[in-house]
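Text of protein.cif, listed as mmCIF, C-alpha atoms and all ligand atoms:
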data_run
loop_
_atom_site.label_atom_id
_atom_site.label_comp_id
_atom_site.auth_asym_id
_atom_site.auth_seq_id
_atom_site.Cartn_x
_atom_site.Cartn_y
_atom_site.Cartn_z
CA MET A 1 0.00 0.00 0.00
CA SER A 2 1.26 3.48 -0.82
CA ASP A 3 0.77 6.44 1.52
CA SER A 4 0.08 8.62 -1.53
CA TRP A 5 -3.02 6.62 -2.46
CA LYS A 6 -6.25 8.56 -2.16
CA LYS A 7 -9.02 7.54 0.22
CA ARG A 8 -11.04 5.32 -2.13
CA THR A 9 -7.97 3.39 -3.24
CA LYS A 10 -6.92 2.78 0.37
CA LEU A 11 -10.45 1.62 1.19
CA VAL A 12 -10.32 -1.08 -1.49
CA HIS A 13 -6.68 -2.21 -1.30
CA GLY A 14 -5.40 -1.05 2.10
CA GLY A 15 -4.09 -3.67 4.51
CA VAL A 16 -4.47 -6.65 2.17
CA ARG A 17 -2.59 -9.84 3.16
CA ARG A 18 -2.76 -12.67 0.64
CA SER A 19 -2.38 -16.32 1.49
CA GLN A 20 -0.34 -18.75 -0.64
CA TYR A 21 -3.40 -19.03 -2.95
CA ASN A 22 -3.31 -15.35 -3.99
CA GLU A 23 -7.06 -14.90 -3.54
CA VAL A 24 -8.65 -11.66 -4.84
CA SER A 25 -11.24 -11.26 -2.09
CA GLU A 26 -9.80 -11.15 1.43
CA ALA A 27 -9.72 -14.55 3.17
CA ILE A 28 -11.53 -15.21 6.42
CA PHE A 29 -9.00 -16.87 8.70
CA LEU A 30 -11.41 -18.64 11.04
CA THR A 31 -8.73 -19.93 13.33
CA GLN A 32 -8.08 -19.32 17.00
CA GLY A 33 -4.47 -20.50 16.94
CA PHE A 34 -1.38 -20.72 14.72
CA VAL A 35 1.14 -23.57 14.29
CA TYR A 36 4.85 -22.95 14.96
CA ASP A 37 7.53 -24.74 12.91
CA SER A 38 9.52 -25.54 16.03
CA ALA A 39 9.60 -25.11 19.78
CA GLU A 40 12.24 -22.46 19.27
CA GLN A 41 9.95 -20.53 16.95
CA ALA A 42 7.11 -20.75 19.49
CA GLU A 43 9.42 -19.38 22.17
CA ALA A 44 10.59 -16.57 19.88
CA ARG A 45 7.06 -15.61 18.98
CA PHE A 46 5.97 -15.33 22.60
CA LEU A 47 9.01 -13.14 23.28
CA LYS A 48 8.29 -10.68 20.49
CA THR A 49 5.87 -10.73 17.58
CA GLY A 50 6.12 -8.85 14.32
CA PRO A 51 3.22 -7.72 12.11
CA ASP A 52 2.79 -11.11 10.38
CA GLU A 53 3.38 -13.30 13.41
CA PHE A 54 0.25 -14.43 15.17
CA ILE A 55 -0.17 -16.38 18.41
CA TYR A 56 -3.85 -16.53 19.31
CA ALA A 57 -6.93 -14.79 17.90
CA ARG A 58 -7.60 -12.90 21.13
CA TYR A 59 -4.25 -11.13 20.48
CA GLY A 60 -4.55 -10.82 16.70
CA ASN A 61 -5.57 -12.64 13.51
CA PRO A 62 -4.74 -12.03 9.83
CA THR A 63 -8.31 -11.05 8.83
CA VAL A 64 -8.62 -8.77 11.86
CA ALA A 65 -5.19 -7.26 11.07
CA MET A 66 -6.33 -6.49 7.52
CA PHE A 67 -9.29 -4.57 8.91
CA GLU A 68 -7.10 -2.74 11.47
CA ASN A 69 -4.56 -1.73 8.82
CA ARG A 70 -7.21 -0.60 6.33
CA ILE A 71 -9.15 1.60 8.77
CA ALA A 72 -5.89 2.99 10.23
CA ALA A 73 -4.77 3.96 6.70
CA LEU A 74 -8.11 5.69 6.10
CA GLU A 75 -7.96 7.60 9.40
CA GLY A 76 -4.29 8.52 9.03
CA ALA A 77 -3.47 6.72 12.28
CA GLU A 78 -0.26 4.75 12.84
CA ASP A 79 -2.09 1.70 14.15
CA GLY A 80 -5.42 0.30 15.30
CA PHE A 81 -6.91 -2.41 17.52
CA ALA A 82 -10.22 -3.98 16.47
CA THR A 83 -12.74 -4.83 19.17
CA ALA A 84 -15.89 -6.89 19.65
CA SER A 85 -18.15 -3.82 19.75
CA GLY A 86 -18.01 -0.04 19.82
CA MET A 87 -18.32 -0.13 23.60
CA ALA A 88 -15.36 -2.53 23.91
CA ALA A 89 -13.41 0.11 21.94
CA VAL A 90 -14.55 3.01 24.17
CA ASN A 91 -13.83 0.95 27.29
CA GLY A 92 -10.40 -0.09 25.99
CA ALA A 93 -9.43 3.43 24.97
CA LEU A 94 -10.48 4.88 28.34
CA VAL A 95 -9.60 2.20 30.87
CA SER A 96 -6.33 0.81 29.44
CA GLY A 97 -4.25 3.85 30.39
CA LEU A 98 -5.98 5.20 33.52
CA LYS A 99 -5.38 4.47 37.20
CA ALA A 100 -6.86 5.52 40.54
CA GLY A 101 -6.17 9.19 41.28
CA ASP A 102 -6.26 10.25 37.63
CA HIS A 103 -8.71 12.89 36.46
CA VAL A 104 -10.83 12.74 33.30
CA VAL A 105 -12.85 15.53 31.68
CA ALA A 106 -15.64 14.54 29.31
CA ALA A 107 -18.47 16.19 27.43
CA ARG A 108 -21.81 15.59 29.12
CA ALA A 109 -23.80 14.76 25.98
CA LEU A 110 -22.72 11.15 25.41
CA PHE A 111 -24.04 7.80 24.30
CA GLY A 112 -25.61 6.18 27.41
CA SER A 113 -23.08 3.34 27.68
CA CYS A 114 -20.17 5.82 27.43
CA LEU A 115 -21.70 7.71 30.37
CA TYR A 116 -21.89 4.42 32.30
CA ILE A 117 -18.14 3.81 31.83
CA LEU A 118 -17.34 7.36 32.98
CA GLU A 119 -19.81 7.78 35.83
CA ASP A 120 -19.99 4.22 37.14
CA VAL A 121 -16.92 2.20 36.16
CA LEU A 122 -14.15 4.82 36.27
CA ARG A 123 -15.47 6.49 39.44
CA ARG A 124 -15.75 3.08 41.14
CA TYR A 125 -12.04 2.51 40.45
CA GLY A 126 -10.99 5.87 41.87
CA VAL A 127 -10.77 7.96 38.72
CA GLU A 128 -12.24 11.41 39.17
CA VAL A 129 -14.56 12.43 36.33
CA THR A 130 -15.73 15.97 35.51
CA LEU A 131 -18.51 16.41 32.95
CA VAL A 132 -18.75 19.66 30.98
CA ASP A 133 -20.94 21.19 28.30
CA GLY A 134 -18.85 20.12 25.29
CA VAL A 135 -19.53 23.18 23.14
CA ASP A 136 -18.54 25.63 25.91
CA LEU A 137 -14.74 25.96 25.68
CA ASP A 138 -14.61 27.96 28.94
CA GLN A 139 -15.97 24.91 30.76
CA TRP A 140 -13.18 22.74 29.31
CA ARG A 141 -10.60 25.38 30.29
CA GLY A 142 -12.02 25.54 33.82
CA ALA A 143 -12.11 21.75 34.25
CA VAL A 144 -8.64 20.61 33.13
CA ARG A 145 -5.77 20.58 35.63
CA ALA A 146 -2.39 18.95 36.20
CA GLU A 147 -3.90 15.54 37.13
CA THR A 148 -6.10 15.48 34.02
CA LYS A 149 -4.84 12.44 32.12
CA LEU A 150 -7.52 12.20 29.44
CA VAL A 151 -10.38 14.11 27.83
CA PHE A 152 -13.22 12.36 26.02
CA PHE A 153 -16.06 13.52 23.80
CA GLU A 154 -18.22 12.61 20.84
CA SER A 155 -17.27 14.93 17.98
CA ILE A 156 -20.99 15.21 17.17
CA SER A 157 -23.23 14.48 20.11
CA ASN A 158 -26.09 12.01 20.10
CA PRO A 159 -28.98 12.73 19.62
CA THR A 160 -28.91 16.54 19.61
CA LEU A 161 -26.05 16.78 17.07
CA GLU A 162 -23.90 19.46 18.68
CA VAL A 163 -20.51 19.72 16.98
CA ILE A 164 -17.54 19.89 19.33
CA ASP A 165 -14.42 21.82 18.32
CA ILE A 166 -11.77 19.08 18.19
CA ALA A 167 -8.82 21.44 17.59
CA ALA A 168 -9.80 23.83 20.41
CA VAL A 169 -10.47 21.09 22.98
CA ALA A 170 -7.23 19.31 21.96
CA GLU A 171 -5.26 22.51 22.53
CA ILE A 172 -6.76 22.94 26.01
CA ALA A 173 -6.12 19.27 26.87
CA HIS A 174 -2.58 19.17 25.49
CA ALA A 175 -1.65 22.24 27.56
CA VAL A 176 -1.92 19.99 30.66
CA GLY A 177 -0.54 16.90 28.90
CA ALA A 178 -3.89 15.06 28.67
CA LEU A 179 -4.65 12.45 26.01
CA VAL A 180 -7.49 13.44 23.64
CA VAL A 181 -9.88 10.56 22.90
CA VAL A 182 -12.65 11.22 20.36
CA ASP A 183 -15.68 8.99 19.76
CA ASN A 184 -16.13 9.84 16.11
CA VAL A 185 -19.16 7.72 15.12
CA PHE A 186 -21.42 10.57 13.98
CA SER A 187 -18.62 12.19 11.93
CA THR A 188 -18.01 8.79 10.26
CA PRO A 189 -14.54 7.64 9.12
CA VAL A 190 -15.31 9.17 5.71
CA PHE A 191 -15.57 12.77 6.95
CA SER A 192 -13.09 12.46 9.81
CA ASN A 193 -10.09 14.79 10.16
CA ALA A 194 -9.85 14.13 13.89
CA ILE A 195 -6.15 13.23 14.05
CA ALA A 196 -5.14 16.16 11.83
CA LEU A 197 -7.19 18.43 14.13
CA GLY A 198 -5.32 17.20 17.24
CA ALA A 199 -7.06 14.04 18.51
CA ASP A 200 -4.62 11.45 19.88
CA VAL A 201 -7.03 8.53 19.84
CA VAL A 202 -10.10 7.99 17.64
CA VAL A 203 -12.73 5.40 18.46
CA TYR A 204 -15.45 4.00 16.18
CA SER A 205 -18.37 1.71 16.65
CA ALA A 206 -17.92 -0.28 13.41
CA THR A 207 -21.51 -1.44 13.96
CA LYS A 208 -22.61 1.84 12.40
CA HIS A 209 -21.31 3.15 9.03
CA ILE A 210 -18.37 0.72 8.69
CA ASP A 211 -20.66 -2.32 8.48
CA GLY A 212 -23.41 -0.05 7.20
CA GLN A 213 -25.77 -2.93 6.58
CA GLY A 214 -26.88 -3.80 10.10
CA ARG A 215 -25.18 -7.21 10.35
CA ALA A 216 -22.50 -7.25 13.01
CA LEU A 217 -21.22 -5.50 16.14
CA GLY A 218 -17.67 -4.23 16.09
CA GLY A 219 -15.36 -1.39 17.05
CA VAL A 220 -11.86 -0.05 16.60
CA ILE A 221 -9.37 2.07 18.57
CA LEU A 222 -6.97 4.13 16.43
CA GLY A 223 -3.86 6.01 17.56
CA THR A 224 -0.08 6.03 17.67
CA ARG A 225 1.75 2.70 17.46
CA GLU A 226 3.07 3.32 20.95
CA PHE A 227 -0.41 3.82 22.43
CA ILE A 228 -2.08 0.98 20.50
CA ARG A 229 0.63 -1.64 21.02
CA GLY A 230 1.97 -0.38 24.35
CA THR A 231 -1.21 0.54 26.22
CA VAL A 232 -4.32 -0.74 24.42
CA GLU A 233 -3.13 -4.15 23.21
CA PRO A 234 -1.97 -5.52 26.59
CA TYR A 235 -5.31 -4.51 28.14
CA MET A 236 -7.48 -5.79 25.29
CA LYS A 237 -5.66 -9.06 24.73
CA HIS A 238 -5.84 -10.01 28.40
CA THR A 239 -9.43 -8.88 28.97
CA GLY A 240 -10.93 -10.50 25.87
CA GLY A 241 -12.65 -7.80 23.84
CA ALA A 242 -11.20 -8.96 20.49
CA MET A 243 -13.10 -8.77 17.19
CA SER A 244 -13.94 -12.10 15.58
CA PRO A 245 -12.30 -12.86 12.18
CA PHE A 246 -15.71 -13.26 10.56
CA THR A 247 -16.79 -9.82 11.81
CA ALA A 248 -13.48 -8.36 10.61
CA TRP A 249 -14.21 -9.70 7.13
CA ILE A 250 -17.68 -8.05 7.16
CA MET A 251 -16.08 -4.76 8.26
CA LEU A 252 -13.31 -5.02 5.62
CA LYS A 253 -15.93 -5.46 2.91
CA GLY A 254 -17.93 -2.58 4.45
CA LEU A 255 -14.89 -0.31 4.11
CA GLU A 256 -14.72 -1.00 0.35
CA THR A 257 -18.06 0.79 -0.15
CA ILE A 258 -18.17 3.17 2.85
CA ASP A 259 -17.10 6.28 0.94
CA LEU A 260 -19.85 5.85 -1.68
CA ARG A 261 -22.49 4.97 0.91
CA VAL A 262 -21.76 7.75 3.40
CA HIS A 263 -21.58 10.45 0.71
CA ALA A 264 -24.96 9.30 -0.66
CA GLN A 265 -26.48 9.19 2.83
CA ALA A 266 -25.09 12.63 3.72
CA ASP A 267 -26.46 14.14 0.48
CA SER A 268 -29.90 12.66 1.22
CA ALA A 269 -29.73 13.90 4.83
CA LEU A 270 -29.15 17.47 3.60
CA LYS A 271 -32.00 17.15 1.12
CA ILE A 272 -34.38 15.88 3.82
CA ALA A 273 -33.32 18.48 6.41
CA THR A 274 -33.78 21.24 3.85
CA ALA A 275 -37.24 19.95 2.89
CA LEU A 276 -38.31 19.88 6.55
CA GLN A 277 -37.08 23.36 7.51
CA GLY A 278 -39.93 25.56 8.70
CA HIS A 279 -42.50 22.71 8.71
CA ALA A 280 -45.55 23.75 10.75
CA LYS A 281 -45.46 20.64 12.99
CA LEU A 282 -41.77 20.95 13.86
CA ALA A 283 -40.26 23.10 16.61
CA ARG A 284 -36.72 22.36 15.34
CA VAL A 285 -34.85 20.61 12.55
CA ILE A 286 -31.34 19.82 13.77
CA PHE A 287 -28.72 19.02 11.14
CA PRO A 288 -25.11 20.29 11.25
CA GLY A 289 -25.17 20.69 7.45
CA LEU A 290 -27.89 23.38 7.64
CA ALA A 291 -26.75 27.00 7.73
CA ASP A 292 -28.95 27.69 10.80
CA HIS A 293 -27.18 25.07 12.95
CA ALA A 294 -25.28 26.74 15.81
CA GLN A 295 -21.99 25.04 14.83
CA HIS A 296 -22.51 24.97 11.05
CA GLY A 297 -19.26 26.89 10.42
CA LEU A 298 -17.30 24.45 12.60
CA CYS A 299 -18.97 21.50 10.87
CA LYS A 300 -17.74 22.83 7.52
CA VAL A 301 -14.18 23.04 8.88
CA GLN A 302 -14.18 19.62 10.57
CA MET A 303 -16.19 17.64 8.01
CA GLU A 304 -16.85 17.79 4.32
CA LYS A 305 -20.62 17.30 4.78
CA GLY A 306 -23.16 17.44 7.63
CA GLY A 307 -23.24 13.73 8.40
CA THR A 308 -25.94 11.12 7.90
CA VAL A 309 -28.19 11.75 10.90
CA LEU A 310 -30.72 14.52 11.56
CA SER A 311 -33.01 15.13 14.51
CA ILE A 312 -36.45 16.71 14.46
CA ASP A 313 -38.46 18.01 17.39
CA LEU A 314 -42.23 17.65 17.00
CA LYS A 315 -44.30 20.43 18.57
CA GLY A 316 -46.90 17.89 19.75
CA GLY A 317 -44.45 16.14 22.14
CA GLN A 318 -44.29 12.38 22.71
CA GLU A 319 -47.81 11.69 21.38
CA ALA A 320 -47.05 13.39 18.07
CA ALA A 321 -43.61 11.72 17.92
CA PHE A 322 -45.17 8.28 18.41
CA ARG A 323 -47.86 8.97 15.78
CA PHE A 324 -45.10 10.13 13.41
CA LEU A 325 -42.98 7.00 14.01
CA ASN A 326 -45.96 4.67 13.60
CA ALA A 327 -46.95 6.34 10.32
CA LEU A 328 -43.55 5.93 8.62
CA GLU A 329 -43.75 3.40 5.80
CA ILE A 330 -40.14 3.24 4.53
CA ALA A 331 -38.02 4.16 7.55
CA VAL A 332 -38.07 1.52 10.29
CA ILE A 333 -38.34 2.13 14.03
CA SER A 334 -35.11 0.88 15.58
CA ASN A 335 -32.03 2.20 17.36
CA ASN A 336 -29.00 1.64 15.13
CA LEU A 337 -27.65 4.32 12.78
CA GLY A 338 -25.49 4.51 9.67
CA ASP A 339 -27.43 1.61 8.15
CA ALA A 340 -28.51 1.21 4.49
CA LYS A 341 -32.06 1.24 5.84
CA SER A 342 -33.36 4.54 7.23
CA ILE A 343 -33.99 4.24 10.95
CA ALA A 344 -36.11 6.46 13.21
CA THR A 345 -35.54 6.50 16.98
CA HIS A 346 -37.36 8.15 19.90
CA PRO A 347 -34.39 8.78 22.23
CA ALA A 348 -36.41 9.89 25.31
CA THR A 349 -38.15 6.50 25.63
CA THR A 350 -35.44 4.18 24.24
CA THR A 351 -31.71 4.96 23.95
CA HIS A 352 -31.82 7.66 26.65
CA GLN A 353 -34.72 6.28 28.73
CA ARG A 354 -32.38 5.56 31.68
CA LEU A 355 -31.50 9.25 32.18
CA PRO A 356 -33.31 11.19 34.91
CA ALA A 357 -35.81 13.80 33.63
CA GLU A 358 -33.58 16.80 34.57
CA GLN A 359 -30.66 15.34 32.63
CA LYS A 360 -32.87 14.83 29.57
CA VAL A 361 -33.91 18.48 29.72
CA GLU A 362 -30.27 19.55 30.14
CA LEU A 363 -29.27 17.52 27.07
CA GLY A 364 -32.18 18.76 24.95
CA ILE A 365 -33.78 15.31 24.76
CA THR A 366 -37.35 16.55 24.60
CA PRO A 367 -40.46 14.32 24.39
CA GLY A 368 -40.98 15.36 20.76
CA LEU A 369 -37.41 14.60 19.61
CA VAL A 370 -36.95 11.97 16.89
CA ARG A 371 -33.52 10.97 15.57
CA PHE A 372 -33.51 10.00 11.92
CA SER A 373 -30.60 8.01 10.46
CA VAL A 374 -30.71 8.44 6.70
CA GLY A 375 -30.22 5.26 4.66
CA LEU A 376 -29.55 4.49 1.03
CA GLU A 377 -33.16 4.64 -0.21
CA ASP A 378 -34.14 7.25 -2.83
CA ALA A 379 -34.06 10.65 -1.10
CA ASP A 380 -37.35 11.78 -2.69
CA ASP A 381 -39.09 8.66 -1.37
CA LEU A 382 -37.74 9.41 2.11
CA VAL A 383 -38.90 13.05 1.98
CA ALA A 384 -42.38 11.90 0.89
CA ASP A 385 -42.47 9.24 3.65
CA ILE A 386 -41.50 11.80 6.33
CA LEU A 387 -43.92 14.49 5.08
CA ASN A 388 -46.75 11.95 4.99
CA ALA A 389 -45.96 10.75 8.53
CA LEU A 390 -45.81 14.37 9.77
CA GLU A 391 -49.25 14.92 8.25
CA GLN A 392 -50.53 12.10 10.45
CA ALA A 393 -48.69 13.30 13.55
C1 LIG B 1 -23.32 2.96 18.88
C2 LIG B 1 -22.36 3.86 19.55
C3 LIG B 1 -21.44 3.35 20.48
C4 LIG B 1 -21.41 1.90 20.89
O1 LIG B 1 -21.19 1.02 19.83
P1 LIG B 1 -21.65 -0.52 19.87
O2 LIG B 1 -21.05 -1.07 18.62
O3 LIG B 1 -23.13 -0.53 19.91
O4 LIG B 1 -21.06 -1.12 21.10
C5 LIG B 1 -20.57 4.24 21.07
N1 LIG B 1 -20.59 5.56 20.77
C6 LIG B 1 -21.45 6.07 19.87
C7 LIG B 1 -21.44 7.53 19.57
C8 LIG B 1 -22.37 5.24 19.23
O5 LIG B 1 -23.24 5.75 18.35
#
Can the structure in the file be given as structure tokens, please?
Amino acid sequence: MSDSWKKRTKLVHGGVRRSQYNEVSEAIFLTQGFVYDSAEQAEARFLKTGPDEFIYARYGNPTVAMFENRIAALEGAEDGFATASGMAAVNGALVSGLKAGDHVVAARALFGSCLYILEDVLRRYGVEVTLVDGVDLDQWRGAVRAETKLVFFESISNPTLEVIDIAAVAEIAHAVGALVVVDNVFSTPVFSNAIALGADVVVYSATKHIDGQGRALGGVILGTREFIRGTVEPYMKHTGGAMSPFTAWIMLKGLETIDLRVHAQADSALKIATALQGHAKLARVIFPGLADHAQHGLCKVQMEKGGTVLSIDLKGGQEAAFRFLNALEIAVISNNLGDAKSIATHPATTTHQRLPAEQKVELGITPGLVRFSVGLEDADDLVADILNALEQA
């Protein structure tokens, strides 16, 4: 693979390892273990392993390595570690390098399971956690201090789609020597410039756009070789969050088409958001690609397009939101995102149900809020489906 290759070429050819059969499509190495030619070779491999030397699939596997190398090439990261799910990736990125007495600052608007790791797991093990409003840089400045070892945020928050300034937060964090970990799911690997903007570690749930067809759970942690091999790998390989080779093959094949899919989904999302602006039944249409979004300028700097997800807030509250969801004929009611199929979600009663009422208010998760993940269907059909469902709301 050449570093000068453009994104689409890397997505198709990056990280390939061929077996002795010279197959065109990447092989699935469904094996847990690897045979050594001699006892001496086994000893040598346990002492030190190179990039093509495998021991056990919990540590690494050729199909998984192909996926890690391909996504790392796309992201511009030195290395990556693939995980069993997006949450295994978030957990690995956060927990592998922290110890009791460390301090972490994180944006408050986070995926529920990320909040659980910060507020329950890390605090239980003696890590102090401060939550801030991610778009308010003064709060980040006020929260970091000498003991701050790590900052964590979603570059676009779920489900209210606030865009966080990666470069500005990285500068604040680096001034105290903290590691910057970005959960970049909503930006997608296609539109990501996170490392160039100053992120040290980028985490994806591969379950979303990387698979893109709703089949498998997966995740990946991307960063410097030193961090991935020195800090993440020892933790992950001994705690068992490895990606399966079959999943890695699904994700590899997903990467071949991700650029085409995500661009098409983002174009449709803009078309839908534009068509819904000013609709009489909507209090708000939230989409970072719209000029009226509070961080639209920042979105244009950080990403090429506005992403593949929009949120709408129905004036009629939960009743109207439920009538809207039940009236959709193309989009399905579910909770994934980044899928080929459009998916509508009512965060207040599903993904964010667990949060206390005050916290929902604070995060803007109103009873009328519906998150809409735009799929690969015809955009005009989706607009018609949404307008028809709004009619019935
Ligand atoms: C889905 C998601 C996760 C968790 O990923 P899983 O693959 O479901 O474990 C983490 N962060 C964000 C922003 C997500 O959307």
For this session: Quote the spacing between atom CA of A:Ala357 and atom CA of A:Gln318 in Å to one decimal place.
Result: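 So the two atoms, atom CA of A:Ala357 and atom CA of A:Gln318, lie 13.9 Å apart.
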Problem set entry | Nearby residues, (-2.7, -2.9, 6.0) file frame, 12 Å, only C-alpha atoms, as an NGL selection string | :A and (1-3 or 10-18 or 26 or 51-52 or 62-74 or 76-80 or 252)
Exercise. Which of these, A:Ala93, A:Ala242, A:Val181, A:Leu47, has the shortest distance to A:Asn61 once you count all atoms listed in the file?
Worked result: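 Counting all atoms listed in the file, the residue closest to A:Asn61 is A:Ala242.
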Exercise. Using only C-alpha atoms and all ligand atoms, which protein or nucleic acid residues are at most 9 Å from ligand LIG 1 (chain B), as a ChimeraX atom specification?
Worked result: /A:84-90,110-114,154-158,183-186,203-208,216-219,335-337
For this session: Within 8 Å of A:Phe34, counting only C-alpha atoms, which residues show up once you throw out same-chain ones fewer than 2 positions away? Write them as a PyMOL selection string, please.
Result: chain A and resi 31-32+36+54-56
Exercise. What would the list of residues within 12 Å of (-25.8, 25.5, 11.7) (file frame) look like as a VMD selection string, if only C-alpha atoms are what count?
Worked result: chain A and resid 161 to 163 270 273 to 274 284 to 300 305 to 306
Exercise. Neighbours of A:Ala275 within 12 Å (all atoms listed in the file; same-chain residues fewer than 5 positions away dropped), as a ChimeraX atom specification?
Worked result: /A:268-270,282,285,287,290,379-380,382-387
Exercise. Any idea what the distance is between atom CA of A:Ala175 and atom CA of A:Leu94?
Worked result: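 Interatomic distance, atom CA of A:Ala175 to atom CA of A:Leu94: 19.5 Å.
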Exercise. Mind pulling up the distance from atom CA of A:Gly254 to atom CA of A:Asp267?
Worked result: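 Answer for the atom CA of A:Asp267 to atom CA of A:Gly254 separation: 19.2 Å.
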Identify, on the basis of only C-alpha atoms, every residue whose closest approach to stretch 117-124 of chain A does not exceed 12 Å; exclude the query and any residue fewer than 2 positions from it along the same chain; express the result as a tab-separated table (two decimals) with C-alpha atoms, in the coordinates of the input.
chain	number	residue	atom	x	y	z
A	87	MET	CA	-18.32	-0.13	23.60
A	88	ALA	CA	-15.36	-2.53	23.91
A	89	ALA	CA	-13.41	0.11	21.94
A	90	VAL	CA	-14.55	3.01	24.17
A	91	ASN	CA	-13.83	0.95	27.29
A	92	GLY	CA	-10.40	-0.09	25.99
A	93	ALA	CA	-9.43	3.43	24.97
A	94	LEU	CA	-10.48	4.88	28.34
A	95	VAL	CA	-9.60	2.20	30.87
A	96	SER	CA	-6.33	0.81	29.44
A	97	GLY	CA	-4.25	3.85	30.39
A	98	LEU	CA	-5.98	5.20	33.52
A	99	LYS	CA	-5.38	4.47	37.20
A	100	ALA	CA	-6.86	5.52	40.54
A	101	GLY	CA	-6.17	9.19	41.28
A	102	ASP	CA	-6.26	10.25	37.63
A	103	HIS	CA	-8.71	12.89	36.46
A	104	VAL	CA	-10.83	12.74	33.30
A	105	VAL	CA	-12.85	15.53	31.68
A	106	ALA	CA	-15.64	14.54	29.31
A	107	ALA	CA	-18.47	16.19	27.43
A	108	ARG	CA	-21.81	15.59	29.12
A	110	LEU	CA	-22.72	11.15	25.41
A	111	PHE	CA	-24.04	7.80	24.30
A	112	GLY	CA	-25.61	6.18	27.41
A	113	SER	CA	-23.08	3.34	27.68
A	114	CYS	CA	-20.17	5.82	27.43
A	115	LEU	CA	-21.70	7.71	30.37
A	126	GLY	CA	-10.99	5.87	41.87
A	127	VAL	CA	-10.77	7.96	38.72
A	128	GLU	CA	-12.24	11.41	39.17
A	129	VAL	CA	-14.56	12.43	36.33
A	130	THR	CA	-15.73	15.97	35.51
A	131	LEU	CA	-18.51	16.41	32.95
A	150	LEU	CA	-7.52	12.20	29.44
A	151	VAL	CA	-10.38	14.11	27.83
A	152	PHE	CA	-13.22	12.36	26.02
A	153	PHE	CA	-16.06	13.52	23.80
